[in-house]
Structure formats: C-alpha cells, structure tokens
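K.L.:
protein02.cif is reproduced in full below (mmCIF, N, CA and C atoms).
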data_coords
loop_
_atom_site.label_atom_id
_atom_site.label_comp_id
_atom_site.auth_asym_id
_atom_site.auth_seq_id
_atom_site.Cartn_x
_atom_site.Cartn_y
_atom_site.Cartn_z
N GLN T 857 130.10 99.67 75.49
CA GLN T 857 129.20 99.11 76.49
C GLN T 857 127.95 98.55 75.84
N VAL T 858 127.28 97.66 76.57
CA VAL T 858 126.03 97.06 76.12
C VAL T 858 124.98 97.29 77.21
N GLN T 859 123.81 97.72 76.80
CA GLN T 859 122.70 97.89 77.73
C GLN T 859 121.64 96.83 77.44
N LEU T 860 121.10 96.25 78.50
CA LEU T 860 120.11 95.19 78.37
C LEU T 860 118.89 95.54 79.23
N VAL T 861 117.71 95.41 78.65
CA VAL T 861 116.47 95.69 79.38
C VAL T 861 115.53 94.51 79.22
N GLU T 862 115.20 93.87 80.36
CA GLU T 862 114.30 92.72 80.35
C GLU T 862 112.86 93.17 80.60
N SER T 863 111.94 92.34 80.15
CA SER T 863 110.53 92.54 80.45
C SER T 863 109.82 91.19 80.33
N GLY T 864 108.58 91.15 80.81
CA GLY T 864 107.77 89.95 80.61
C GLY T 864 107.57 89.08 81.83
N GLY T 865 108.21 89.42 82.93
CA GLY T 865 108.01 88.61 84.14
C GLY T 865 106.62 88.82 84.70
N GLY T 866 106.30 88.02 85.72
CA GLY T 866 104.99 88.16 86.35
C GLY T 866 104.65 86.96 87.20
N LEU T 867 103.39 86.90 87.57
CA LEU T 867 102.87 85.80 88.40
C LEU T 867 102.05 84.87 87.53
N VAL T 868 102.32 83.58 87.63
CA VAL T 868 101.61 82.59 86.83
C VAL T 868 101.41 81.34 87.68
N GLN T 869 100.36 80.60 87.39
CA GLN T 869 100.12 79.35 88.09
C GLN T 869 101.00 78.24 87.53
N ALA T 870 101.26 77.25 88.35
CA ALA T 870 102.03 76.09 87.90
C ALA T 870 101.37 75.48 86.67
N GLY T 871 102.21 75.14 85.69
CA GLY T 871 101.72 74.61 84.43
C GLY T 871 101.51 75.68 83.38
N GLY T 872 101.59 76.94 83.78
CA GLY T 872 101.37 78.04 82.86
C GLY T 872 102.61 78.41 82.08
N SER T 873 102.49 79.50 81.31
CA SER T 873 103.56 79.94 80.42
C SER T 873 103.82 81.43 80.60
N LEU T 874 105.05 81.82 80.29
CA LEU T 874 105.44 83.22 80.24
C LEU T 874 106.49 83.37 79.16
N ARG T 875 106.58 84.56 78.59
CA ARG T 875 107.67 84.85 77.66
C ARG T 875 108.41 86.09 78.14
N LEU T 876 109.70 85.92 78.33
CA LEU T 876 110.56 87.03 78.71
C LEU T 876 111.22 87.61 77.47
N SER T 877 111.45 88.91 77.49
CA SER T 877 112.14 89.61 76.39
C SER T 877 113.33 90.37 76.95
N CYS T 878 114.35 90.51 76.13
CA CYS T 878 115.53 91.29 76.50
C CYS T 878 115.96 92.08 75.27
N VAL T 879 115.88 93.40 75.38
CA VAL T 879 116.29 94.27 74.28
C VAL T 879 117.70 94.77 74.56
N ALA T 880 118.57 94.63 73.57
CA ALA T 880 119.97 95.04 73.70
C ALA T 880 120.23 96.32 72.90
N SER T 881 121.17 97.11 73.40
CA SER T 881 121.61 98.31 72.68
C SER T 881 123.07 98.56 73.04
N GLY T 882 123.73 99.41 72.23
CA GLY T 882 125.12 99.74 72.51
C GLY T 882 126.06 99.07 71.52
N ASN T 883 127.22 98.62 72.00
CA ASN T 883 128.25 98.01 71.14
C ASN T 883 127.91 96.56 70.83
N MET T 884 126.95 96.40 69.94
CA MET T 884 126.46 95.06 69.63
C MET T 884 127.50 94.20 68.92
N TYR T 885 128.43 94.81 68.22
CA TYR T 885 129.36 94.06 67.39
C TYR T 885 130.23 93.12 68.21
N SER T 886 130.45 93.43 69.49
CA SER T 886 131.34 92.62 70.32
C SER T 886 130.65 91.45 71.01
N ILE T 887 129.34 91.33 70.83
CA ILE T 887 128.60 90.27 71.53
C ILE T 887 128.86 88.92 70.87
N LYS T 888 129.25 87.93 71.68
CA LYS T 888 129.46 86.55 71.20
C LYS T 888 128.22 85.70 71.41
N SER T 889 127.53 85.94 72.51
CA SER T 889 126.34 85.16 72.83
C SER T 889 125.50 85.96 73.81
N MET T 890 124.23 85.57 73.89
CA MET T 890 123.33 86.15 74.88
C MET T 890 122.58 85.03 75.56
N GLY T 891 122.11 85.30 76.75
CA GLY T 891 121.44 84.23 77.45
C GLY T 891 120.64 84.71 78.64
N TRP T 892 120.14 83.74 79.36
CA TRP T 892 119.33 84.00 80.55
C TRP T 892 119.89 83.25 81.74
N TYR T 893 119.87 83.92 82.87
CA TYR T 893 120.23 83.35 84.16
C TYR T 893 119.08 83.63 85.12
N ARG T 894 119.08 82.94 86.24
CA ARG T 894 118.07 83.23 87.25
C ARG T 894 118.69 83.10 88.64
N GLN T 895 118.07 83.79 89.58
CA GLN T 895 118.61 83.80 90.93
C GLN T 895 117.48 83.87 91.95
N VAL T 896 117.61 83.01 92.95
CA VAL T 896 116.71 82.99 94.09
C VAL T 896 117.45 83.60 95.27
N PRO T 897 116.79 84.38 96.09
CA PRO T 897 117.47 84.99 97.25
C PRO T 897 118.24 83.97 98.07
N GLY T 898 119.49 84.29 98.36
CA GLY T 898 120.31 83.41 99.17
C GLY T 898 121.04 82.33 98.40
N LYS T 899 120.82 82.29 97.08
CA LYS T 899 121.48 81.28 96.25
C LYS T 899 122.26 81.95 95.14
N GLN T 900 123.20 81.18 94.56
CA GLN T 900 124.01 81.71 93.46
C GLN T 900 123.16 81.84 92.20
N ARG T 901 123.56 82.77 91.35
CA ARG T 901 122.89 82.93 90.07
C ARG T 901 123.11 81.66 89.24
N GLU T 902 122.04 81.19 88.61
CA GLU T 902 122.05 79.92 87.89
C GLU T 902 121.85 80.16 86.41
N TRP T 903 122.67 79.53 85.59
CA TRP T 903 122.53 79.65 84.15
C TRP T 903 121.29 78.88 83.69
N VAL T 904 120.56 79.47 82.72
CA VAL T 904 119.34 78.85 82.21
C VAL T 904 119.48 78.46 80.74
N ALA T 905 119.88 79.41 79.91
CA ALA T 905 119.95 79.13 78.47
C ALA T 905 120.83 80.16 77.79
N THR T 906 121.40 79.76 76.65
CA THR T 906 122.27 80.63 75.86
C THR T 906 121.97 80.46 74.39
N ILE T 907 122.07 81.57 73.64
CA ILE T 907 122.01 81.52 72.19
C ILE T 907 123.23 82.26 71.67
N THR T 908 123.96 81.63 70.73
CA THR T 908 125.16 82.26 70.20
C THR T 908 124.82 83.07 68.95
N THR T 909 125.79 83.83 68.46
CA THR T 909 125.57 84.60 67.24
C THR T 909 125.35 83.68 66.03
N ALA T 910 125.80 82.42 66.16
CA ALA T 910 125.54 81.44 65.11
C ALA T 910 124.20 80.75 65.31
N ARG T 911 123.45 81.21 66.29
CA ARG T 911 122.12 80.69 66.62
C ARG T 911 122.16 79.28 67.22
N THR T 912 123.29 78.87 67.73
CA THR T 912 123.36 77.62 68.48
C THR T 912 122.76 77.87 69.87
N LYS T 913 121.99 76.92 70.34
CA LYS T 913 121.28 77.10 71.61
C LYS T 913 121.70 76.04 72.62
N TYR T 914 121.78 76.45 73.86
CA TYR T 914 122.15 75.55 74.95
C TYR T 914 121.17 75.78 76.10
N TYR T 915 120.86 74.69 76.81
CA TYR T 915 119.91 74.77 77.91
C TYR T 915 120.42 74.02 79.13
N ALA T 916 120.09 74.55 80.29
CA ALA T 916 120.33 73.80 81.53
C ALA T 916 119.39 72.60 81.56
N ASP T 917 119.84 71.52 82.16
CA ASP T 917 119.03 70.31 82.22
C ASP T 917 117.68 70.57 82.88
N SER T 918 117.66 71.48 83.84
CA SER T 918 116.43 71.72 84.60
C SER T 918 115.33 72.36 83.77
N VAL T 919 115.68 72.94 82.62
CA VAL T 919 114.66 73.62 81.80
C VAL T 919 114.54 73.02 80.41
N LYS T 920 115.40 72.07 80.09
CA LYS T 920 115.39 71.49 78.75
C LYS T 920 114.04 70.85 78.46
N GLY T 921 113.49 71.16 77.29
CA GLY T 921 112.19 70.63 76.92
C GLY T 921 111.03 71.50 77.36
N ARG T 922 111.28 72.46 78.25
CA ARG T 922 110.21 73.35 78.72
C ARG T 922 110.44 74.80 78.29
N PHE T 923 111.70 75.21 78.22
CA PHE T 923 112.05 76.58 77.87
C PHE T 923 112.67 76.61 76.48
N THR T 924 112.41 77.70 75.76
CA THR T 924 113.00 77.89 74.44
C THR T 924 113.57 79.29 74.34
N ILE T 925 114.85 79.37 73.98
CA ILE T 925 115.49 80.66 73.77
C ILE T 925 115.51 80.95 72.28
N SER T 926 115.28 82.22 71.94
CA SER T 926 115.30 82.61 70.54
C SER T 926 115.75 84.06 70.44
N GLY T 927 116.05 84.47 69.21
CA GLY T 927 116.52 85.83 69.02
C GLY T 927 115.98 86.44 67.74
N ASP T 928 115.82 87.73 67.74
CA ASP T 928 115.37 88.47 66.56
C ASP T 928 116.38 89.59 66.34
N LYS T 929 117.30 89.39 65.36
CA LYS T 929 118.37 90.37 65.15
C LYS T 929 117.81 91.71 64.74
N SER T 930 116.73 91.72 63.96
CA SER T 930 116.17 92.98 63.48
C SER T 930 115.65 93.84 64.63
N LYS T 931 115.26 93.18 65.73
CA LYS T 931 114.75 93.91 66.89
C LYS T 931 115.79 93.98 68.02
N LEU T 932 116.96 93.39 67.79
CA LEU T 932 118.02 93.35 68.81
C LEU T 932 117.48 92.79 70.12
N THR T 933 116.69 91.74 70.00
CA THR T 933 115.97 91.19 71.15
C THR T 933 116.14 89.69 71.22
N ILE T 934 116.29 89.18 72.44
CA ILE T 934 116.19 87.74 72.64
C ILE T 934 114.99 87.46 73.53
N TYR T 935 114.51 86.24 73.43
CA TYR T 935 113.32 85.84 74.17
C TYR T 935 113.59 84.54 74.94
N LEU T 936 112.83 84.35 75.97
CA LEU T 936 112.82 83.07 76.66
C LEU T 936 111.36 82.66 76.83
N GLN T 937 110.93 81.71 76.02
CA GLN T 937 109.58 81.19 76.13
C GLN T 937 109.59 80.07 77.17
N MET T 938 108.81 80.23 78.21
CA MET T 938 108.80 79.28 79.31
C MET T 938 107.45 78.59 79.38
N GLU T 939 107.47 77.29 79.26
CA GLU T 939 106.25 76.48 79.29
C GLU T 939 106.29 75.54 80.50
N SER T 940 105.12 75.03 80.86
CA SER T 940 105.02 74.05 81.96
C SER T 940 105.78 74.53 83.19
N LEU T 941 105.53 75.77 83.55
CA LEU T 941 106.28 76.36 84.67
C LEU T 941 105.97 75.65 85.98
N GLU T 942 107.01 75.58 86.80
CA GLU T 942 106.93 74.92 88.11
C GLU T 942 107.28 75.92 89.19
N PRO T 943 106.79 75.71 90.41
CA PRO T 943 107.16 76.64 91.50
C PRO T 943 108.67 76.80 91.65
N GLU T 944 109.42 75.75 91.30
CA GLU T 944 110.89 75.81 91.40
C GLU T 944 111.50 76.78 90.37
N ASP T 945 110.72 77.21 89.41
CA ASP T 945 111.20 78.18 88.43
C ASP T 945 111.11 79.61 88.94
N THR T 946 110.51 79.79 90.10
CA THR T 946 110.39 81.12 90.68
C THR T 946 111.76 81.70 90.96
N ALA T 947 112.02 82.90 90.42
CA ALA T 947 113.32 83.53 90.56
C ALA T 947 113.29 84.89 89.89
N VAL T 948 114.35 85.66 90.08
CA VAL T 948 114.58 86.84 89.26
C VAL T 948 115.39 86.37 88.06
N TYR T 949 114.91 86.67 86.87
CA TYR T 949 115.57 86.25 85.64
C TYR T 949 116.34 87.43 85.07
N TYR T 950 117.62 87.15 84.73
CA TYR T 950 118.52 88.18 84.23
C TYR T 950 118.95 87.85 82.81
N CYS T 951 118.96 88.86 81.99
CA CYS T 951 119.51 88.74 80.63
C CYS T 951 121.01 88.99 80.69
N ASN T 952 121.76 88.24 79.92
CA ASN T 952 123.21 88.36 79.90
C ASN T 952 123.71 88.49 78.46
N ALA T 953 124.73 89.33 78.28
CA ALA T 953 125.43 89.41 76.99
C ALA T 953 126.91 89.18 77.25
N ALA T 954 127.48 88.19 76.58
CA ALA T 954 128.90 87.90 76.71
C ALA T 954 129.61 88.50 75.50
N THR T 955 130.63 89.34 75.77
CA THR T 955 131.32 90.01 74.67
C THR T 955 132.74 89.51 74.54
N SER T 956 133.31 89.74 73.37
CA SER T 956 134.67 89.28 73.09
C SER T 956 135.72 90.18 73.71
N ARG T 957 135.35 91.41 74.05
CA ARG T 957 136.37 92.34 74.54
C ARG T 957 136.06 92.95 75.90
N TYR T 958 134.78 93.01 76.25
CA TYR T 958 134.41 93.79 77.43
C TYR T 958 133.77 92.98 78.54
N GLY T 959 133.83 91.67 78.43
CA GLY T 959 133.28 90.84 79.49
C GLY T 959 131.78 90.68 79.39
N ASN T 960 131.14 90.49 80.53
CA ASN T 960 129.71 90.22 80.58
C ASN T 960 128.92 91.46 80.98
N TYR T 961 127.74 91.58 80.41
CA TYR T 961 126.80 92.62 80.79
C TYR T 961 125.50 91.97 81.26
N TRP T 962 124.82 92.69 82.16
CA TRP T 962 123.59 92.15 82.75
C TRP T 962 122.47 93.17 82.69
N GLY T 963 121.26 92.66 82.56
CA GLY T 963 120.10 93.51 82.70
C GLY T 963 119.75 93.68 84.17
N GLN T 964 118.66 94.39 84.41
CA GLN T 964 118.27 94.70 85.78
C GLN T 964 117.47 93.57 86.42
N GLY T 965 117.01 92.62 85.63
CA GLY T 965 116.27 91.47 86.14
C GLY T 965 114.77 91.68 86.08
N THR T 966 114.05 90.57 85.95
CA THR T 966 112.60 90.59 85.96
C THR T 966 112.12 89.40 86.80
N GLN T 967 111.15 89.66 87.67
CA GLN T 967 110.69 88.64 88.61
C GLN T 967 109.69 87.70 87.95
N VAL T 968 109.93 86.42 88.13
CA VAL T 968 108.98 85.38 87.70
C VAL T 968 108.56 84.62 88.95
N THR T 969 107.26 84.58 89.19
CA THR T 969 106.73 83.86 90.35
C THR T 969 105.71 82.83 89.87
N VAL T 970 105.94 81.58 90.24
CA VAL T 970 105.05 80.49 89.85
C VAL T 970 104.38 79.95 91.11
N SER T 971 103.07 80.07 91.14
CA SER T 971 102.32 79.62 92.32
C SER T 971 101.86 78.18 92.13
N SER T 972 101.81 77.45 93.22
CA SER T 972 101.41 76.04 93.15
C SER T 972 99.91 75.87 93.32
#
Would you give me this structure, written as structure tokens?
P.N.:
Amino acid sequence: QVQLVESGGGLVQAGGSLRLSCVASGNMYSIKSMGWYRQVPGKQREWVATITTARTKYYADSVKGRFTISGDKSKLTIYLQMESLEPEDTAVYYCNAATSRYGNYWGQGTQVTVSS
C-alpha cells in the first residue's frame, strides 16, 4: 500500500501563489507516476499534472504555464507550485500515486480557495 498526505492549501487572492506538498510512504517501489487532481463540489475530479519516475512532466491545458509539478526523491515528496491563481482554480486538490501492481492511491485532499 501507499499512503499520501497533502498539505499547503489555503486562501489566497487572485494572482497569488501557493505551493502544495504531498509526502508518500509505503510500497514506493511500485509507483509509476505521481500527480495532482482537483475537484469542485458537484463536478468530476479533474486531472491537473503528473510527474513520472523518469521525471517527465505533463500538465492540463488549464494550468500549463502557471503550475509547476516537481519531486524530491530524498524526501519522498512531490510539490505543485501554483502561480497566477484564478478563482476558477478553487477546488480540493488531491495527490495521486499510480502503481504498476496495486492501482491508484489518493491523499485526503487539501482545500485551495482563490478569492477575486
């Protein structure tokens, strides 16, 4: 199993920045990639960004150029640096780990609120 714990959410004004962190523990060897998703009440969970074990990065069009995903293997942590935040970025952000054998794991989520 893999355990994921997010932190770093909060309230910020439009145009501001936040950095989310996700610390992983457990069966790390099976992880193929890690990433971030977000969800607004009443809507489906939306993919935001992914980083693979080869450090290849992918972004949703809605955040490309504003968000940066990164990872620190020594700390077993991934980050999501969010710049130029917009009210439309308001959501609960979830950390995800995709594994080769055990499927997907999710963190508990962290709330990001962007005020206009």
K.L.:
What would the selection look like, as a ChimeraX atom specification, if the PyMOL selection byres ((chain T and resi 878) around 6.5) were run on the coordinates I just shared?
P.N.:
/T:860-863,876-877,879-880,932-936,951
K.L.:
Find the distance between atom C of Ser886 (chain T) and atom C of Gly927 (chain T) and write it in Å to one decimal.
P.N.:
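Atom-to-atom, atom C of Ser886 (chain T) and atom C of Gly927 (chain T) are spaced 15.8 Å apart.
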K.L.:
Applied to the shown file, which residues does the PyMOL selection byres ((chain T and resi 957) around 8) return, written as a PDB file with N, CA and C atoms, in the coordinates of the input?
P.N.:
ATOM      1  N   TYR T 885     128.430  94.810  68.220  1.00  0.00           N
ATOM      2  CA  TYR T 885     129.360  94.060  67.390  1.00  0.00           C
ATOM      3  C   TYR T 885     130.230  93.120  68.210  1.00  0.00           C
ATOM      4  N   SER T 886     130.450  93.430  69.490  1.00  0.00           N
ATOM      5  CA  SER T 886     131.340  92.620  70.320  1.00  0.00           C
ATOM      6  C   SER T 886     130.650  91.450  71.010  1.00  0.00           C
ATOM      7  N   ILE T 887     129.340  91.330  70.830  1.00  0.00           N
ATOM      8  CA  ILE T 887     128.600  90.270  71.530  1.00  0.00           C
ATOM      9  C   ILE T 887     128.860  88.920  70.870  1.00  0.00           C
ATOM     10  N   LYS T 888     129.250  87.930  71.680  1.00  0.00           N
ATOM     11  CA  LYS T 888     129.460  86.550  71.200  1.00  0.00           C
ATOM     12  C   LYS T 888     128.220  85.700  71.410  1.00  0.00           C
ATOM     13  N   ALA T 954     127.480  88.190  76.580  1.00  0.00           N
ATOM     14  CA  ALA T 954     128.900  87.900  76.710  1.00  0.00           C
ATOM     15  C   ALA T 954     129.610  88.500  75.500  1.00  0.00           C
ATOM     16  N   THR T 955     130.630  89.340  75.770  1.00  0.00           N
ATOM     17  CA  THR T 955     131.320  90.010  74.670  1.00  0.00           C
ATOM     18  C   THR T 955     132.740  89.510  74.540  1.00  0.00           C
ATOM     19  N   SER T 956     133.310  89.740  73.370  1.00  0.00           N
ATOM     20  CA  SER T 956     134.670  89.280  73.090  1.00  0.00           C
ATOM     21  C   SER T 956     135.720  90.180  73.710  1.00  0.00           C
ATOM     22  N   TYR T 958     134.780  93.010  76.250  1.00  0.00           N
ATOM     23  CA  TYR T 958     134.410  93.790  77.430  1.00  0.00           C
ATOM     24  C   TYR T 958     133.770  92.980  78.540  1.00  0.00           C
ATOM     25  N   GLY T 959     133.830  91.670  78.430  1.00  0.00           N
ATOM     26  CA  GLY T 959     133.280  90.840  79.490  1.00  0.00           C
ATOM     27  C   GLY T 959     131.780  90.680  79.390  1.00  0.00           C
ATOM     28  N   ASN T 960     131.140  90.490  80.530  1.00  0.00           N
ATOM     29  CA  ASN T 960     129.710  90.220  80.580  1.00  0.00           C
ATOM     30  C   ASN T 960     128.920  91.460  80.980  1.00  0.00           C
TER      31      ASN T 960
END
K.L.:
Quick one: DSSP helix (DSSP H, G or I) residues in chain T, as a PDB file with N, CA and C atoms, in the frame of the given file?
P.N.:
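Output below, filename selection-v3.pdb:
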ATOM      1  N   MET T 884     126.950  96.400  69.940  1.00  0.00           N
ATOM      2  CA  MET T 884     126.460  95.060  69.630  1.00  0.00           C
ATOM      3  C   MET T 884     127.500  94.200  68.920  1.00  0.00           C
ATOM      4  N   TYR T 885     128.430  94.810  68.220  1.00  0.00           N
ATOM      5  CA  TYR T 885     129.360  94.060  67.390  1.00  0.00           C
ATOM      6  C   TYR T 885     130.230  93.120  68.210  1.00  0.00           C
ATOM      7  N   SER T 886     130.450  93.430  69.490  1.00  0.00           N
ATOM      8  CA  SER T 886     131.340  92.620  70.320  1.00  0.00           C
ATOM      9  C   SER T 886     130.650  91.450  71.010  1.00  0.00           C
ATOM     10  N   LYS T 929     117.300  89.390  65.360  1.00  0.00           N
ATOM     11  CA  LYS T 929     118.370  90.370  65.150  1.00  0.00           C
ATOM     12  C   LYS T 929     117.810  91.710  64.740  1.00  0.00           C
ATOM     13  N   SER T 930     116.730  91.720  63.960  1.00  0.00           N
ATOM     14  CA  SER T 930     116.170  92.980  63.480  1.00  0.00           C
ATOM     15  C   SER T 930     115.650  93.840  64.630  1.00  0.00           C
ATOM     16  N   LYS T 931     115.260  93.180  65.730  1.00  0.00           N
ATOM     17  CA  LYS T 931     114.750  93.910  66.890  1.00  0.00           C
ATOM     18  C   LYS T 931     115.790  93.980  68.020  1.00  0.00           C
ATOM     19  N   PRO T 943     106.790  75.710  90.410  1.00  0.00           N
ATOM     20  CA  PRO T 943     107.160  76.640  91.500  1.00  0.00           C
ATOM     21  C   PRO T 943     108.670  76.800  91.650  1.00  0.00           C
ATOM     22  N   GLU T 944     109.420  75.750  91.300  1.00  0.00           N
ATOM     23  CA  GLU T 944     110.890  75.810  91.400  1.00  0.00           C
ATOM     24  C   GLU T 944     111.500  76.780  90.370  1.00  0.00           C
ATOM     25  N   ASP T 945     110.720  77.210  89.410  1.00  0.00           N
ATOM     26  CA  ASP T 945     111.200  78.180  88.430  1.00  0.00           C
ATOM     27  C   ASP T 945     111.110  79.610  88.940  1.00  0.00           C
TER      28      ASP T 945
END
K.L.:
Could you work out how far CA of Ser971 (chain T) lies from CA of Leu867 (chain T), giving the answer in Å with one decimal?
P.N.:
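Taking CA of Leu867 (chain T) as the start and CA of Ser971 (chain T) as the end point, the length is 7.3 Å.
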K.L.:
Please determine, counting only C-alpha atoms, which residue among T:Asp945, T:Tyr950, T:Gly921, T:Lys931 has the shortest atom-to-atom distance to Trp962 (chain T).
P.N.:
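With only C-alpha atoms as the atom set, the closest residue is T:Tyr950.
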K.L.:
If we count all atoms listed in the file, what is near Gln869 (chain T) at a cut-off of 8 Å, once residues fewer than 4 positions away on the same chain are taken out, given as a ChimeraX atom specification?
P.N.:
/T:873,940-943,969-972
K.L.:
What is the atom C of Met890 (chain T) to atom C of Glu944 (chain T) distance in Å?
P.N.:
20.3 Å
K.L.:
Determine the residue set returned by the PyMOL selection byres ((chain T and resi 925) around 8) for the present structure, and present it as a PDB file with N, CA and C atoms, keeping the file's coordinate frame.
P.N.:
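Saved file selection_13.pdb follows:
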ATOM      1  N   GLY T 891     122.110  85.300  76.750  1.00  0.00           N
ATOM      2  CA  GLY T 891     121.440  84.230  77.450  1.00  0.00           C
ATOM      3  C   GLY T 891     120.640  84.710  78.640  1.00  0.00           C
ATOM      4  N   TRP T 892     120.140  83.740  79.360  1.00  0.00           N
ATOM      5  CA  TRP T 892     119.330  84.000  80.550  1.00  0.00           C
ATOM      6  C   TRP T 892     119.890  83.250  81.740  1.00  0.00           C
ATOM      7  N   ALA T 905     119.880  79.410  79.910  1.00  0.00           N
ATOM      8  CA  ALA T 905     119.950  79.130  78.470  1.00  0.00           C
ATOM      9  C   ALA T 905     120.830  80.160  77.790  1.00  0.00           C
ATOM     10  N   THR T 906     121.400  79.760  76.650  1.00  0.00           N
ATOM     11  CA  THR T 906     122.270  80.630  75.860  1.00  0.00           C
ATOM     12  C   THR T 906     121.970  80.460  74.390  1.00  0.00           C
ATOM     13  N   ILE T 907     122.070  81.570  73.640  1.00  0.00           N
ATOM     14  CA  ILE T 907     122.010  81.520  72.190  1.00  0.00           C
ATOM     15  C   ILE T 907     123.230  82.260  71.670  1.00  0.00           C
ATOM     16  N   LYS T 913     121.990  76.920  70.340  1.00  0.00           N
ATOM     17  CA  LYS T 913     121.280  77.100  71.610  1.00  0.00           C
ATOM     18  C   LYS T 913     121.700  76.040  72.620  1.00  0.00           C
ATOM     19  N   TYR T 914     121.780  76.450  73.860  1.00  0.00           N
ATOM     20  CA  TYR T 914     122.150  75.550  74.950  1.00  0.00           C
ATOM     21  C   TYR T 914     121.170  75.780  76.100  1.00  0.00           C
ATOM     22  N   TYR T 915     120.860  74.690  76.810  1.00  0.00           N
ATOM     23  CA  TYR T 915     119.910  74.770  77.910  1.00  0.00           C
ATOM     24  C   TYR T 915     120.420  74.020  79.130  1.00  0.00           C
ATOM     25  N   ARG T 922     111.280  72.460  78.250  1.00  0.00           N
ATOM     26  CA  ARG T 922     110.210  73.350  78.720  1.00  0.00           C
ATOM     27  C   ARG T 922     110.440  74.800  78.290  1.00  0.00           C
ATOM     28  N   PHE T 923     111.700  75.210  78.220  1.00  0.00           N
ATOM     29  CA  PHE T 923     112.050  76.580  77.870  1.00  0.00           C
ATOM     30  C   PHE T 923     112.670  76.610  76.480  1.00  0.00           C
ATOM     31  N   THR T 924     112.410  77.700  75.760  1.00  0.00           N
ATOM     32  CA  THR T 924     113.000  77.890  74.440  1.00  0.00           C
ATOM     33  C   THR T 924     113.570  79.290  74.340  1.00  0.00           C
ATOM     34  N   SER T 926     115.280  82.220  71.940  1.00  0.00           N
ATOM     35  CA  SER T 926     115.300  82.610  70.540  1.00  0.00           C
ATOM     36  C   SER T 926     115.750  84.060  70.440  1.00  0.00           C
ATOM     37  N   GLY T 927     116.050  84.470  69.210  1.00  0.00           N
ATOM     38  CA  GLY T 927     116.520  85.830  69.020  1.00  0.00           C
ATOM     39  C   GLY T 927     115.980  86.440  67.740  1.00  0.00           C
ATOM     40  N   ILE T 934     116.290  89.180  72.440  1.00  0.00           N
ATOM     41  CA  ILE T 934     116.190  87.740  72.640  1.00  0.00           C
ATOM     42  C   ILE T 934     114.990  87.460  73.530  1.00  0.00           C
ATOM     43  N   TYR T 935     114.510  86.240  73.430  1.00  0.00           N
ATOM     44  CA  TYR T 935     113.320  85.840  74.170  1.00  0.00           C
ATOM     45  C   TYR T 935     113.590  84.540  74.940  1.00  0.00           C
ATOM     46  N   LEU T 936     112.830  84.350  75.970  1.00  0.00           N
ATOM     47  CA  LEU T 936     112.820  83.070  76.660  1.00  0.00           C
ATOM     48  C   LEU T 936     111.360  82.660  76.830  1.00  0.00           C
ATOM     49  N   GLN T 937     110.930  81.710  76.020  1.00  0.00           N
ATOM     50  CA  GLN T 937     109.580  81.190  76.130  1.00  0.00           C
ATOM     51  C   GLN T 937     109.590  80.070  77.170  1.00  0.00           C
ATOM     52  N   MET T 938     108.810  80.230  78.210  1.00  0.00           N
ATOM     53  CA  MET T 938     108.800  79.280  79.310  1.00  0.00           C
ATOM     54  C   MET T 938     107.450  78.590  79.380  1.00  0.00           C
TER      55      MET T 938
END
K.L.:
Pick out the residues sitting within 12 Å of Lys899 (chain T), and hand them over as a list of chain:residue names; count only C-alpha atoms, and ignore anything fewer than 5 positions along from it in its own chain.
P.N.:
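Contacts, in chain order: T:Arg894, T:Ala947, T:Val948.
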K.L.:
Would you mind telling me which residue in T:Thr912, T:Val968, T:Asn952, T:Glu939 lies nearest to Gly872 (chain T) when using only C-alpha atoms?
P.N.:
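Of T:Thr912, T:Val968, T:Asn952, T:Glu939, the one nearest Gly872 (chain T) is T:Glu939, counting only C-alpha atoms.
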K.L.:
Could you go through region 897-944 of chain T and tell me which residues DSSP, when run on the backbone, assigns to strand (DSSP E), listing them as a tab-separated table (two decimals) with N, CA and C atoms, in the coordinates of the input?
P.N.:
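Once everything was written out, this is result07.tsv:
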chain	number	residue	atom	x	y	z
T	902	GLU	N	122.04	81.19	88.61
T	902	GLU	CA	122.05	79.92	87.89
T	902	GLU	C	121.85	80.16	86.41
T	903	TRP	N	122.67	79.53	85.59
T	903	TRP	CA	122.53	79.65	84.15
T	903	TRP	C	121.29	78.88	83.69
T	904	VAL	N	120.56	79.47	82.72
T	904	VAL	CA	119.34	78.85	82.21
T	904	VAL	C	119.48	78.46	80.74
T	905	ALA	N	119.88	79.41	79.91
T	905	ALA	CA	119.95	79.13	78.47
T	905	ALA	C	120.83	80.16	77.79
T	906	THR	N	121.40	79.76	76.65
T	906	THR	CA	122.27	80.63	75.86
T	906	THR	C	121.97	80.46	74.39
T	907	ILE	N	122.07	81.57	73.64
T	907	ILE	CA	122.01	81.52	72.19
T	907	ILE	C	123.23	82.26	71.67
T	908	THR	N	123.96	81.63	70.73
T	908	THR	CA	125.16	82.26	70.20
T	908	THR	C	124.82	83.07	68.95
T	913	LYS	N	121.99	76.92	70.34
T	913	LYS	CA	121.28	77.10	71.61
T	913	LYS	C	121.70	76.04	72.62
T	914	TYR	N	121.78	76.45	73.86
T	914	TYR	CA	122.15	75.55	74.95
T	914	TYR	C	121.17	75.78	76.10
T	915	TYR	N	120.86	74.69	76.81
T	915	TYR	CA	119.91	74.77	77.91
T	915	TYR	C	120.42	74.02	79.13
T	923	PHE	N	111.70	75.21	78.22
T	923	PHE	CA	112.05	76.58	77.87
T	923	PHE	C	112.67	76.61	76.48
T	924	THR	N	112.41	77.70	75.76
T	924	THR	CA	113.00	77.89	74.44
T	924	THR	C	113.57	79.29	74.34
T	925	ILE	N	114.85	79.37	73.98
T	925	ILE	CA	115.49	80.66	73.77
T	925	ILE	C	115.51	80.95	72.28
T	926	SER	N	115.28	82.22	71.94
T	926	SER	CA	115.30	82.61	70.54
T	926	SER	C	115.75	84.06	70.44
T	927	GLY	N	116.05	84.47	69.21
T	927	GLY	CA	116.52	85.83	69.02
T	927	GLY	C	115.98	86.44	67.74
T	928	ASP	N	115.82	87.73	67.74
T	928	ASP	CA	115.37	88.47	66.56
T	928	ASP	C	116.38	89.59	66.34
T	933	THR	N	116.69	91.74	70.00
T	933	THR	CA	115.97	91.19	71.15
T	933	THR	C	116.14	89.69	71.22
T	934	ILE	N	116.29	89.18	72.44
T	934	ILE	CA	116.19	87.74	72.64
T	934	ILE	C	114.99	87.46	73.53
T	935	TYR	N	114.51	86.24	73.43
T	935	TYR	CA	113.32	85.84	74.17
T	935	TYR	C	113.59	84.54	74.94
T	936	LEU	N	112.83	84.35	75.97
T	936	LEU	CA	112.82	83.07	76.66
T	936	LEU	C	111.36	82.66	76.83
T	937	GLN	N	110.93	81.71	76.02
T	937	GLN	CA	109.58	81.19	76.13
T	937	GLN	C	109.59	80.07	77.17
T	938	MET	N	108.81	80.23	78.21
T	938	MET	CA	108.80	79.28	79.31
T	938	MET	C	107.45	78.59	79.38
K.L.:
Which one is closest to Asp917 (chain T): T:Trp903, T:Met884, T:Lys929, T:Gly865? Count all atoms listed in the file.
P.N.:
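The shortest atom-to-atom distance to Asp917 (chain T) comes from T:Trp903.
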